[in-house]
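Colleague: The structure is given below, and queries will be raised subsequently.
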Amino acid sequence: MKATLIVKNAAQVVTSEGASLAPLTGEKQGQIRVIENGAVAANGEQIVAVGTTAELEQKIETDAATRVVDASGQVVLPGLVDPHTHVVFGGSREHEFSLKLEGVPYLEILARGGGILSSVEMTRAATEDELVAAGIKYCRQMLAQGTTTAEAKSGYGLSTEAELKTLRAIHQVDGAQPIDLVPTFLGAHAVPKEYKGEPDRYLDLVIDEMLPRVVENNLARYCDVFCEEDVFSVEQSRRVLNAAREMGLELKMHADEIVPLGGAELAAELGAVSADHLLVISDEGIRRMAEEGVIAVILPGTTFYLREDHYAPGRKMIEAGVPVALATDFNPGSSPNNNLQLIINIASLYLRMTPAEVINAITINSAHAVGRAAEVGSLEAGKKADLVLFDAPNYDYLAYRYGTNLVSKVIKNGQLVVEV
Ligand code: NIG
Ligand code: FE
């Protein structure tokens with residue numbers, strides 16, 4: 001068998017297997033294949049073999065053109081998949097950090113016209129090229145930290161023109177650097193100031209004008225909504241999501257983050273692909289998500305950064321059979337972190353997930369949460385050769401160390417794109 005790339009001598013190659021059709025749930029979420037002295041071979045953009053170094057050295061023909069990567073003393077994982085980010089936005093919000101330290105609540109900053117709405121001002125003021133340049137910069141940071149696929153939401157434009165500009169920028173960023181981006185339309189992220197106090201009238205604009213343009217121009221795969229007290233109610237969320245589904249988009253939700261409104265139940269009712277955040281999800285919400293197979297995308301970096309006193313019940317959801325994925329929620333306000341390695345630490349410590357459950361949550365289950373599990377999320381023959389090498393003797397070490405970028409190499413589509 002021919003190979004253009006072989007990664008060999010890894011202390012461990014760590015990957016799920018056989019989970020490309022449905023996400024891992026329950027006990028299976030914690031099962032992972034570990035190959036000691038492992039190797040992965042690729043031909044062009046695709047993986048052709050995974051096994052021990054001895055097995056692959058037998059099977060694989062190499063020639064002078066084959067790139068051989070020695071992974072001695074390192075752990076090899078599938079390229080990480082970040083299934084919830086707001087990676088394209090204008091400006092930044094360090095000027096609001098002092099308010100946050102004074103204890104002004106997140107929703108109060110938003111009600112004063114700051115928060116999401118101050119990022120809206122900056123995103124509207126930015127040109128498409130400026131948004132693209134910033135998005136490329138953030139994606140390069142993510143790539144260097146091991147992310148090779150990510151979801152990317154609009155939602156800081158909140159006018160037809162600025163939402164379309166953001167989605168076009170996401171497509172440009174996708175094409176301009178190695179990370180594959182999966183676009184989500186989040187026009188219902190907040191009520192813009194021109195529609196203050198009139199969320200239903202704003203949703204008319206989202207449904208009648210924005211959504212048709214997004215769909216016509218093939219700009220998004222998913223539609224999302226921020227279902228939250230004083231933002232969009234369950235009824236309003238149902239309205240925008242139903243309209244999006246009728247126009248052919250798949251559904252996601254920001255649900256049950258701060259006030260328990262029943263967003264998880266709505267996600268189950270509508271057959272959403274995922275419901276995200278879920279700090280205050282009800283027992284009924286957990287039961288319904290498990291029943292309908294809705295993926296819980298938990299964002300523990302946001303909980304940490306908002307200084308909330310409790311995390312989403314990750315352990316309880318896994319035990320109830322909800323497929324769990326994890327993401328950074330990278331955004332300029334509630335989570336200016338785009339490093340999934342920090343999410344590994346916070347999820348292990350505060351969601352009480354095992355390192356194996358966490359790795360599945362940022363690889364195969366997160367690939368399902370962005371509809372890409374047939375191509376990425378595990379190291380299996382036929383999938384894209386997206387791999388990340390960590391300077392770590394075993395995978396537990398990734399949960400144990402924190403605050404240091406442990407990535408030594410990233411391979412995307414069979415090409416070495418990061419070398420530290
Ligand atoms: O996922 N919750 C709503 N949206 C983002 C925050 C956006 C912001 O603060 O800019 C989130 O946390
Ligand atoms: Fe978010």
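Residues in the structure tokens are named by chain (A, B, ... in the order shown) and by number from 1 within that chain; ligands are numbered from 1 in the order shown.
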Using only C-alpha atoms, determine which residues lie at most 6 Å from Ile6 of chain A, disregarding the query and same-chain residues fewer than 3 positions distant; provide the list as an mmCIF file with C-alpha atoms, in the first residue's frame.
Modeller:
```
data_model
loop_
_atom_site.group_PDB
_atom_site.id
_atom_site.type_symbol
_atom_site.label_atom_id
_atom_site.label_comp_id
_atom_site.auth_asym_id
_atom_site.auth_seq_id
_atom_site.Cartn_x
_atom_site.Cartn_y
_atom_site.Cartn_z
ATOM 1 C CA VAL A 40 -0.853 6.420 10.883
ATOM 2 C CA ALA A 41 -0.265 6.410 7.123
ATOM 3 C CA VAL A 68 8.202 10.280 7.573
#
```
Colleague: Give me, as a VMD selection string, all polymer residues having an atom no more than 8 Å from segment 213-227 of chain A, counting only C-alpha atoms and skipping those fewer than 5 positions away in the same chain.
Modeller: chain A and resid 164 167 to 168 171 182 to 190 232 to 234 237 240 to 241 244 247 to 256 261 263
Colleague: Quick one: residues within 12 Å of Ile346 of chain A, only C-alpha atoms, excluding same-chain residues fewer than 2 positions away - as an MDAnalysis selection string?
Modeller: chainID A and resid 298:305 311:312 314 326:328 339:344 348:355 358 398:403
Colleague: Find, counting only C-alpha atoms and all ligand atoms, the residue in A:Glu269, A:Glu319, A:Glu292, A:Glu151 that gets nearest to ligand 2.
Modeller: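 That would be A:Glu151, the residue with the smallest distance to ligand 2.
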Colleague: Let me have all residues with an atom within 6 Å of ligand 1, counting only C-alpha atoms and all ligand atoms, laid out as a ChimeraX atom specification.
Modeller: /A:115-116,226,329,331-334
Colleague: Could you pull out the alpha helix (DSSP H) residues of segment 239-364 of chain A, going by DSSP on the backbone, and write them as number ranges by chain?
Modeller: A: 239-246, 263-270, 283-292, 300-305, 314-319, 340-350, 355-361, 364
Colleague: For Lys412 of chain A, which of A:Pro178, A:Gly155, A:Gly197, A:Gly321 is the closest residue, counting only C-alpha atoms?
Modeller: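 Checking each of A:Pro178, A:Gly155, A:Gly197, A:Gly321 against Lys412 of chain A, counting only C-alpha atoms, the winner is A:Pro178.
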Colleague: Enumerate the residues of segment 201-370 of chain A with a DSSP assignment of strand (DSSP E or B), computed from the backbone, and present them as a VMD selection string.
Modeller: chain A and resid 222 to 227 232 250 to 255 274 to 277 295 to 298 324 to 326 330
Colleague: At what distance in Å, to one decimal, does atom CA of Lys165 of chain A lie from atom CA of Gly271 of chain A?
Modeller: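 It comes out at 28.8 Å.
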Colleague: Tell me which of A:Leu77, A:Val417, A:Val407, A:Leu21 sits closest to Ile35 of chain A, counting only C-alpha atoms.
Modeller: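 When distances to Ile35 of chain A are compared using only C-alpha atoms, the smallest one comes from A:Leu77.
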Colleague: Skipping near chain neighbours, those fewer than 6 positions away, what residues fall within 10 Å of segment 136-143 of chain A using only C-alpha atoms, listed as number ranges by chain?
Modeller: A: 79-80, 82, 87-88, 130, 149-150, 169-170, 172-181, 330, 337-340, 388, 407, 409-412, 417-418
Colleague: One decimal, in Å: what's the spacing between atom CA of Ser72 of chain A and atom CA of Ala11 of chain A?
Modeller: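 For atom CA of Ser72 of chain A relative to atom CA of Ala11 of chain A, the distance reads 6.0 Å.
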Colleague: In Å, how far is it from atom CA of Glu121 of chain A to atom CA of Phe97 of chain A?
Modeller: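 These two atoms are separated by 17.4 Å.
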Colleague: Select, from A:Arg93, A:Lys28, A:Lys8, A:Arg372, the residue with the minimum atom-to-atom distance to Thr53 of chain A, counting only C-alpha atoms.
Modeller: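 The shortest atom-to-atom distance to Thr53 of chain A comes from A:Lys8.
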Colleague: With distances taken over only C-alpha atoms and all ligand atoms, which of A:Ala54, A:Ala152, A:Leu387, A:Ala290 is nearest to ligand 2?
Modeller: A:Ala152
Colleague: Between A:Ala347, A:Ala42, A:Ala49, A:Val297, which is the closest to ligand 2 once you count only C-alpha atoms and all ligand atoms?
Modeller: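 Comparing A:Ala347, A:Ala42, A:Ala49, A:Val297 against ligand 2, the winner is A:Val297.
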Colleague: Mind checking which residues fall within 9 Å of Ile109 of chain A, counting only C-alpha atoms, ignoring those fewer than 5 positions away in the same chain, and posting them as a list in words?
Modeller: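 After dropping sequence-adjacent residues, the list is Glu96, Leu99, Lys100, Val104, Gly114, Gly115 and Ile116 of chain A.
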